[in-house]
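> One file is attached below, input25.txt, containing compact mmCIF, C-alpha atoms.
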```
# COMPACT_ATOMS: atom_id res chain seq x y z
CA MET A 1 -10.35 86.28 -66.75
CA THR A 2 -9.27 84.85 -70.08
CA VAL A 3 -6.31 82.52 -70.51
CA ILE A 4 -4.42 82.93 -73.77
CA VAL A 5 -2.40 79.86 -74.78
CA ILE A 6 0.24 80.79 -77.34
CA SER A 7 1.61 77.92 -79.41
CA GLY A 8 2.95 77.28 -82.88
CA GLY A 9 5.53 79.84 -83.94
CA LEU A 10 8.10 79.44 -86.68
CA SER A 11 10.75 77.32 -84.96
CA HIS A 12 11.66 73.77 -85.95
CA GLU A 13 9.49 72.64 -83.03
CA ARG A 14 6.24 74.18 -84.29
CA ASP A 15 4.39 70.85 -84.50
CA VAL A 16 5.37 69.86 -80.97
CA SER A 17 4.31 73.29 -79.70
CA LEU A 18 0.89 73.04 -81.33
CA ARG A 19 0.32 69.62 -79.79
CA SER A 20 1.37 70.90 -76.36
CA GLY A 21 -0.85 73.95 -76.71
CA ARG A 22 -3.91 71.92 -77.67
CA ARG A 23 -3.52 69.64 -74.64
CA VAL A 24 -3.12 72.52 -72.20
CA THR A 25 -6.05 74.37 -73.76
CA GLN A 26 -8.36 71.40 -73.44
CA ALA A 27 -7.23 70.66 -69.89
CA LEU A 28 -7.98 74.24 -68.82
CA ARG A 29 -11.34 74.26 -70.57
CA ASP A 30 -12.22 71.05 -68.75
CA LYS A 31 -11.52 72.97 -65.54
CA GLY A 32 -13.94 75.71 -66.58
CA HIS A 33 -11.50 78.33 -67.86
CA HIS A 34 -12.22 80.55 -70.84
CA VAL A 35 -9.26 79.88 -73.13
CA VAL A 36 -8.21 81.58 -76.35
CA GLU A 37 -5.65 79.88 -78.59
CA ALA A 38 -3.19 82.11 -80.42
CA ASP A 39 -0.27 81.65 -82.80
CA VAL A 40 2.71 83.93 -83.29
CA GLY A 41 2.13 86.56 -85.96
CA PRO A 42 1.28 90.22 -86.62
CA ALA A 43 -2.08 89.91 -84.84
CA LEU A 44 -0.71 88.48 -81.58
CA VAL A 45 -0.06 91.76 -79.75
CA SER A 46 -3.53 92.98 -80.68
CA VAL A 47 -5.10 89.76 -79.38
CA VAL A 48 -3.25 90.08 -76.08
CA THR A 49 -3.87 93.80 -75.53
CA SER A 50 -7.54 93.68 -76.57
CA THR A 51 -8.37 90.81 -74.21
CA PRO A 52 -9.67 92.01 -70.83
CA ASP A 53 -7.53 90.92 -67.88
CA PRO A 54 -5.62 88.11 -69.67
CA VAL A 55 -3.10 85.61 -68.36
CA VAL A 56 -0.81 84.17 -71.02
CA ILE A 57 0.65 80.67 -71.15
CA PRO A 58 3.55 80.55 -73.63
CA MET A 59 3.63 77.00 -74.99
CA LEU A 60 6.20 77.75 -77.66
CA HIS A 61 9.19 75.44 -77.94
CA GLY A 62 12.57 76.55 -79.25
CA GLY A 63 13.29 79.92 -80.81
CA LEU A 64 11.41 82.87 -79.37
CA GLY A 65 9.34 80.55 -77.20
CA GLU A 66 12.23 79.67 -74.92
CA ASP A 67 14.86 82.32 -75.64
CA GLY A 68 12.97 84.91 -73.62
CA ALA A 69 11.99 87.20 -76.51
CA LEU A 70 8.21 86.75 -76.30
CA ARG A 71 8.29 86.87 -72.51
CA GLU A 72 10.15 90.18 -72.64
CA VAL A 73 7.36 91.55 -74.86
CA LEU A 74 4.67 90.29 -72.49
CA GLY A 75 6.50 92.00 -69.63
CA LEU A 76 6.69 95.20 -71.65
CA LEU A 77 2.93 95.02 -72.21
CA GLY A 78 2.33 94.43 -68.51
CA VAL A 79 0.60 91.12 -69.18
CA PRO A 80 1.03 88.35 -66.57
CA PHE A 81 2.25 85.03 -67.90
CA VAL A 82 3.02 81.54 -66.68
CA GLY A 83 6.66 80.53 -66.61
CA SER A 84 10.10 82.02 -66.23
CA THR A 85 10.97 85.62 -66.99
CA GLY A 86 12.54 86.64 -70.28
CA SER A 87 16.02 87.08 -68.83
CA ALA A 88 15.99 83.72 -67.00
CA SER A 89 14.62 81.95 -70.08
CA ARG A 90 17.36 83.44 -72.23
CA LEU A 91 19.96 82.20 -69.76
CA ALA A 92 18.58 78.66 -69.57
CA PHE A 93 17.99 78.34 -73.32
CA ASP A 94 21.66 78.72 -74.21
CA LYS A 95 23.21 75.41 -73.15
CA SER A 96 26.76 76.75 -73.28
CA ILE A 97 25.91 79.51 -70.78
CA ALA A 98 23.45 77.59 -68.59
CA THR A 99 25.98 74.82 -68.00
CA LYS A 100 28.55 77.32 -66.72
CA VAL A 101 26.01 78.99 -64.42
CA VAL A 102 24.98 75.64 -62.95
CA SER A 103 28.62 74.59 -62.58
CA ASN A 104 29.47 77.86 -60.82
CA ALA A 105 26.70 77.06 -58.33
CA GLY A 106 28.73 74.02 -57.32
CA LEU A 107 26.60 71.47 -59.17
CA ARG A 108 27.89 68.57 -61.25
CA VAL A 109 27.87 69.10 -65.04
CA THR A 110 29.40 67.33 -68.01
CA ARG A 111 32.64 68.52 -69.64
CA GLN A 112 31.66 70.81 -72.49
CA VAL A 113 33.04 73.11 -75.18
CA ALA A 114 31.04 75.71 -77.13
CA LEU A 115 32.19 76.01 -80.74
CA PRO A 116 30.91 78.90 -82.90
CA HIS A 117 30.57 78.18 -86.61
CA ASP A 118 32.97 80.94 -87.67
CA ILE A 119 35.74 79.46 -85.51
CA PHE A 120 35.02 76.00 -86.93
CA ARG A 121 35.24 77.43 -90.46
CA GLU A 122 38.25 79.73 -90.06
CA LEU A 123 40.54 77.54 -87.97
CA GLY A 124 39.93 74.36 -89.91
CA ALA A 125 37.96 71.32 -88.93
CA SER A 126 40.85 68.85 -88.76
CA SER A 127 42.89 70.51 -85.99
CA LEU A 128 39.79 71.26 -83.96
CA MET A 129 38.56 67.68 -84.24
CA HIS A 130 41.83 66.36 -82.83
CA ALA A 131 41.73 68.80 -79.91
CA LEU A 132 38.11 68.05 -79.04
CA GLY A 133 38.68 64.31 -79.09
CA ASP A 134 41.84 64.57 -76.98
CA GLN A 135 40.35 66.87 -74.36
CA LEU A 136 36.78 65.61 -74.01
CA ARG A 137 37.27 61.95 -74.97
CA TYR A 138 34.91 59.89 -77.11
CA PRO A 139 32.05 59.20 -77.19
CA LEU A 140 30.87 62.78 -77.58
CA MET A 141 27.48 64.42 -77.81
CA VAL A 142 27.07 67.24 -80.33
CA LYS A 143 24.07 69.57 -80.26
CA PRO A 144 23.07 73.13 -81.09
CA SER A 145 23.64 75.51 -78.20
CA ARG A 146 20.20 77.06 -78.66
CA SER A 147 17.63 74.46 -79.66
CA GLY A 148 15.32 71.90 -78.09
CA SER A 149 13.68 68.50 -78.62
CA ALA A 150 17.12 67.04 -79.43
CA LEU A 151 16.98 68.61 -82.90
CA GLY A 152 20.45 68.56 -84.43
CA ALA A 153 21.80 66.40 -81.58
CA LEU A 154 24.00 63.41 -82.38
CA LYS A 155 26.23 60.99 -80.46
CA VAL A 156 29.57 60.33 -82.15
CA HIS A 157 32.44 57.89 -81.61
CA ASP A 158 35.19 59.18 -83.91
CA GLN A 159 36.62 62.25 -85.60
CA GLU A 160 34.92 61.74 -88.96
CA ALA A 161 31.49 61.48 -87.37
CA LEU A 162 32.26 64.52 -85.18
CA ALA A 163 32.81 66.78 -88.17
CA THR A 164 29.56 65.60 -89.77
CA ALA A 165 27.64 66.09 -86.52
CA LEU A 166 28.93 69.65 -86.15
CA VAL A 167 27.76 70.54 -89.64
CA GLY A 168 24.33 69.14 -88.71
CA ALA A 169 24.21 71.11 -85.46
CA TYR A 170 25.08 74.35 -87.27
CA ALA A 171 21.93 73.94 -89.35
CA TYR A 172 20.02 74.90 -86.18
CA GLY A 173 22.17 77.80 -85.00
CA PRO A 174 25.59 79.49 -85.10
CA VAL A 175 26.99 77.79 -81.99
CA ALA A 176 27.38 74.06 -81.36
CA VAL A 177 28.05 72.42 -78.03
CA VAL A 178 30.37 69.41 -77.84
CA GLU A 179 30.37 67.50 -74.58
CA HIS A 180 31.60 64.22 -73.21
CA PHE A 181 28.82 61.65 -73.44
CA ILE A 182 28.11 60.26 -69.99
CA GLU A 183 27.00 56.67 -69.81
CA GLY A 184 24.27 56.06 -67.27
CA THR A 185 20.56 56.34 -66.56
CA GLU A 186 18.88 59.33 -68.17
CA LEU A 187 16.35 61.17 -66.04
CA ALA A 188 14.01 64.12 -66.48
CA VAL A 189 13.00 65.89 -63.27
CA THR A 190 10.16 68.42 -63.37
CA VAL A 191 10.29 71.25 -60.85
CA LEU A 192 7.03 72.93 -59.85
CA ASP A 193 6.54 76.06 -57.77
CA GLU A 194 2.93 76.89 -57.02
CA GLY A 195 3.83 79.72 -54.66
CA ASP A 196 5.39 77.91 -51.72
CA GLY A 197 8.85 77.31 -53.18
CA PRO A 198 10.17 74.96 -55.87
CA ARG A 199 9.77 71.22 -55.36
CA ALA A 200 10.83 68.34 -57.56
CA LEU A 201 8.27 65.85 -58.80
CA PRO A 202 9.03 62.13 -59.19
CA PRO A 203 11.91 61.65 -61.67
CA VAL A 204 11.07 60.07 -65.01
CA GLU A 205 13.52 57.42 -66.24
CA ILE A 206 14.01 57.43 -70.00
CA ARG A 207 14.63 54.16 -71.84
CA PRO A 208 14.71 54.72 -75.63
CA THR A 209 14.64 51.53 -77.66
CA SER A 210 17.25 52.99 -80.02
CA GLY A 211 19.60 53.77 -77.14
CA ILE A 212 19.51 57.53 -77.84
CA TYR A 213 16.74 59.87 -76.77
CA ASP A 214 16.62 61.85 -80.04
CA TYR A 215 13.70 63.65 -81.73
CA GLU A 216 12.13 60.47 -83.06
CA ALA A 217 12.43 58.75 -79.69
CA ARG A 218 10.79 61.75 -78.00
CA TYR A 219 7.76 62.15 -80.20
CA THR A 220 7.05 58.71 -81.67
CA ALA A 221 4.61 56.69 -79.58
CA GLY A 222 6.22 53.46 -78.39
CA ALA A 223 9.77 54.48 -79.31
CA THR A 224 10.73 55.08 -75.69
CA ARG A 225 9.76 53.46 -72.43
CA PHE A 226 9.27 55.79 -69.48
CA VAL A 227 9.42 54.62 -65.87
CA THR A 228 8.00 56.89 -63.18
CA PRO A 229 9.34 57.09 -60.60
CA ALA A 230 12.70 55.94 -61.91
CA GLU A 231 13.87 52.52 -60.79
CA LEU A 232 16.83 53.76 -58.77
CA PRO A 233 17.68 53.73 -55.05
CA GLY A 234 15.80 56.23 -52.93
CA GLU A 235 18.92 58.24 -52.07
CA THR A 236 19.79 58.53 -55.77
CA LEU A 237 16.30 59.79 -56.64
CA LYS A 238 16.57 62.33 -53.82
CA ALA A 239 19.94 63.51 -55.14
CA ALA A 240 18.43 63.90 -58.63
CA GLN A 241 15.53 65.93 -57.24
CA ASP A 242 17.92 68.11 -55.24
CA LEU A 243 19.98 68.76 -58.39
CA ALA A 244 16.84 69.74 -60.33
CA VAL A 245 15.71 72.23 -57.68
CA ALA A 246 19.22 73.64 -57.24
CA SER A 247 19.66 74.19 -60.99
CA HIS A 248 16.17 75.76 -61.18
CA GLU A 249 17.20 78.24 -58.50
CA ALA A 250 20.70 78.84 -59.91
CA LEU A 251 19.19 79.83 -63.27
CA GLY A 252 16.56 82.05 -61.66
CA LEU A 253 13.61 80.09 -63.06
CA ARG A 254 10.03 80.27 -61.79
CA HIS A 255 6.72 78.37 -61.84
CA MET A 256 7.87 75.29 -63.74
CA SER A 257 10.97 73.85 -65.37
CA ARG A 258 12.46 70.49 -66.27
CA ALA A 259 16.04 69.42 -65.63
CA ASP A 260 17.54 66.72 -67.83
CA MET A 261 20.36 64.72 -66.29
CA VAL A 262 22.27 61.45 -66.32
CA VAL A 263 22.91 59.31 -63.26
CA THR A 264 26.33 57.69 -63.44
CA GLU A 265 27.11 54.14 -62.40
CA ASP A 266 28.15 55.31 -58.93
CA GLY A 267 24.74 57.00 -58.42
CA THR A 268 25.82 60.61 -59.06
CA PRO A 269 23.36 62.78 -61.04
CA VAL A 270 24.98 65.06 -63.64
CA PHE A 271 23.14 68.11 -65.05
CA LEU A 272 22.74 68.26 -68.83
CA GLU A 273 20.27 71.07 -69.51
CA ALA A 274 17.19 72.91 -68.29
CA ASN A 275 13.92 73.49 -70.10
CA VAL A 276 11.67 76.47 -69.29
CA ALA A 277 8.83 75.31 -71.55
CA PRO A 278 8.51 71.55 -71.06
CA GLY A 279 6.44 69.75 -73.68
CA MET A 280 2.90 68.74 -72.78
CA THR A 281 2.24 66.26 -75.59
CA GLU A 282 1.04 62.68 -75.13
CA THR A 283 4.67 61.48 -74.99
CA SER A 284 6.13 64.41 -73.00
CA LEU A 285 7.86 63.97 -69.67
CA ALA A 286 6.34 66.63 -67.41
CA PRO A 287 2.79 65.20 -67.67
CA LEU A 288 4.17 61.80 -66.65
CA ALA A 289 5.64 63.42 -63.56
CA PHE A 290 2.30 65.11 -62.82
CA ASP A 291 0.56 61.73 -63.00
CA ALA A 292 3.12 60.12 -60.71
CA ALA A 293 2.58 62.92 -58.20
CA GLY A 294 -1.20 62.43 -58.35
CA MET A 295 -1.76 65.69 -60.24
CA LYS A 296 -3.74 66.43 -63.38
CA LEU A 297 -2.64 68.71 -66.23
CA GLY A 298 -5.58 71.06 -65.77
CA GLN A 299 -5.01 71.23 -62.03
CA VAL A 300 -1.35 72.22 -62.47
CA PHE A 301 -2.00 74.93 -65.03
CA SER A 302 -5.01 76.31 -63.16
CA SER A 303 -2.76 76.78 -60.15
CA LEU A 304 -0.02 78.41 -62.24
CA VAL A 305 -2.52 80.74 -63.93
CA ASP A 306 -3.72 81.94 -60.52
CA LEU A 307 -0.13 82.35 -59.37
CA ALA A 308 0.85 84.35 -62.46
CA ARG A 309 -2.16 86.63 -62.06
CA GLY A 310 -1.26 87.24 -58.42
CA ASP A 311 2.34 88.06 -59.37
CA ARG A 312 1.19 90.83 -61.67
```
Can the structure in the file be given as structure tokens, please?

Amino acid sequence: MTVIVISGGLSHERDVSLRSGRRVTQALRDKGHHVVEADVGPALVSVVTSTPDPVVIPMLHGGLGEDGALREVLGLLGVPFVGSTGSASRLAFDKSIATKVVSNAGLRVTRQVALPHDIFRELGASSLMHALGDQLRYPLMVKPSRSGSALGALKVHDQEALATALVGAYAYGPVAVVEHFIEGTELAVTVLDEGDGPRALPPVEIRPTSGIYDYEARYTAGATRFVTPAELPGETLKAAQDLAVASHEALGLRHMSRADMVVTEDGTPVFLEANVAPGMTETSLAPLAFDAAGMKLGQVFSSLVDLARGDR
């Protein structure tokens, strides 16, 4: 059996994807697996179909790595792969849709409005800015509906900054999400299912020195302090883990996901978004959760490779 780790791609998160892919590749090789590294391009289908009995690990972030497109192709080719299906990935990747699905499951989410660029352009920024501020209340968080790694995301405190932030978000896609910014403790909770049902790993508490967990804070060593498990009461951590598992199930995810959330002052966890392809870089959150649970990167992916092959 050969494991094919696909990383790179053409999204804005190409560098992060390559770093994640290299770490997973090395971890699997250390466990004795034969691993082939592949990038997205005209030769990819040939690499996959010419490899005897492959299992694919998509380590692409953003774009076709998380929107389900590549996973749909792998399903079409009959190739087993680690991670959520194409349809579930597509659902989770769009924040404006995923939030509604999670909310409809009875889970706590932040107040949010999805704003397509053509509406923003045709109706006029000024009137929309007033309505958004009045309904959602500042501070607000603006981000692309379909992007990751906090690219294009910005916290704003007034109408002028809101308009600028929306223009920035539209650089990453045609729909922006505007939501009320919730003050509290930010957590990332990794959910792992190795065949016996989804379980939440120890929550990672995120403490960026800048106050905002943006792209620089995520991928610059030393820019953010991570505490695992989070320094919160036991019942609050349990509630956060329950929310992560419940959102994983509501979105129809499998194998592994990561739920990002904020715990309010009264100890209530609020869902922000789900990630079907968590980063595996040196500063990524899922590997911190593995460590806290006494698990190694190679161990986790070896188990998921076996599970994906058995699900074929």
> Pick out the residues sitting within 12 Å of Asp266 of chain A, and hand them over as a PyMOL selection string; count all atoms listed in the file, and ignore anything fewer than 4 positions along from it in its own chain.
chain A and resi 183-185+232-233+235-236+262+270
> Smallest atom-to-atom distance to Pro208 of chain A: which of A:Ser17, A:Thr51, A:Glu194, A:Phe226, using only C-alpha atoms?
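Nearest to Pro208 of chain A: A:Phe226.
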> In the coordinates of the file, take the point (2.5, 59.9, -64.9) and a cut-off of 12 Å; then, counting all atoms listed in the file, name each qualifying protein, DNA or RNA residue as a list in words.
Thr190, Leu201, Pro202, Pro203, Val204, Glu205, Phe226, Val227, Thr228, Pro229, Ala230, Met280, Glu282, Thr283, Ser284, Leu285, Ala286, Pro287, Leu288, Ala289, Phe290, Asp291, Ala292, Ala293, Gly294, Met295, Lys296 and Leu297 of chain A
> How many Å lie between atom CA of Pro144 of chain A and atom CA of Pro174 of chain A, rounded to one decimal?
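Separating atom CA of Pro144 of chain A from atom CA of Pro174 of chain A is a distance of 7.9 Å.
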> In terms of the shortest atom-to-atom distance over only C-alpha atoms, which of A:Ser96, A:Ser20, A:Ser7, A:Gln299 is closest to Ala176 of chain A?
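Of A:Ser96, A:Ser20, A:Ser7, A:Gln299, the one nearest Ala176 of chain A, counting only C-alpha atoms, is A:Ser96.
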> Counting all atoms listed in the file, which of A:Gly75, A:Gly267, A:Pro116, A:Gly173 gets nearest to Ser87 of chain A?
A:Gly75
> For a cut-off of 9 Å around (12.1, 48.3, -76.7), file coordinates, pick out all residues using all atoms listed in the file and list them as a list in words.
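Here is the list of nearby residues: Arg207, Pro208, Thr209, Ser210, Gly222, Ala223, Thr224 and Arg225 of chain A.
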> Could you please determine the separation between atom CA of Ala105 of chain A and atom CA of Lys143 of chain A in Å, to one decimal place?
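Pair atom CA of Ala105 of chain A / atom CA of Lys143 of chain A returns 23.3 Å.
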> How many Å separate atom CA of Ala171 of chain A from atom CA of Ile6 of chain A?
25.7 Å
> List the spatial neighbours of Leu64 of chain A as number ranges by chain - criterion: any atom at most 12 Å away, only C-alpha atoms, same-chain residues fewer than 3 positions off excluded.
A: 6-14, 17, 40-41, 58-61, 67-73, 86, 89-90, 93, 146-148, 276-277
> Which residue is closest to Val5 of chain A? Choose from A:Val36, A:Val79, A:Leu28, A:Val178 and count all atoms listed in the file.
A:Val36
> Smallest atom-to-atom distance to Arg19 of chain A: which of A:Ile97, A:Gly298, A:Thr281, A:Ser303, using all atoms listed in the file?
A:Thr281
> Around all the atoms of segment 17-22 of chain A listed in the file, with 8 Å of room on each side, what axis-aligned box do you get, giving centre and edge lengths in Å to one decimal, as lines of an AutoDock Vina configuration file?

```
center_x = 0.2
center_y = 71.8
center_z = -78.8
size_x = 24.2
size_y = 20.3
size_z = 21.0
```
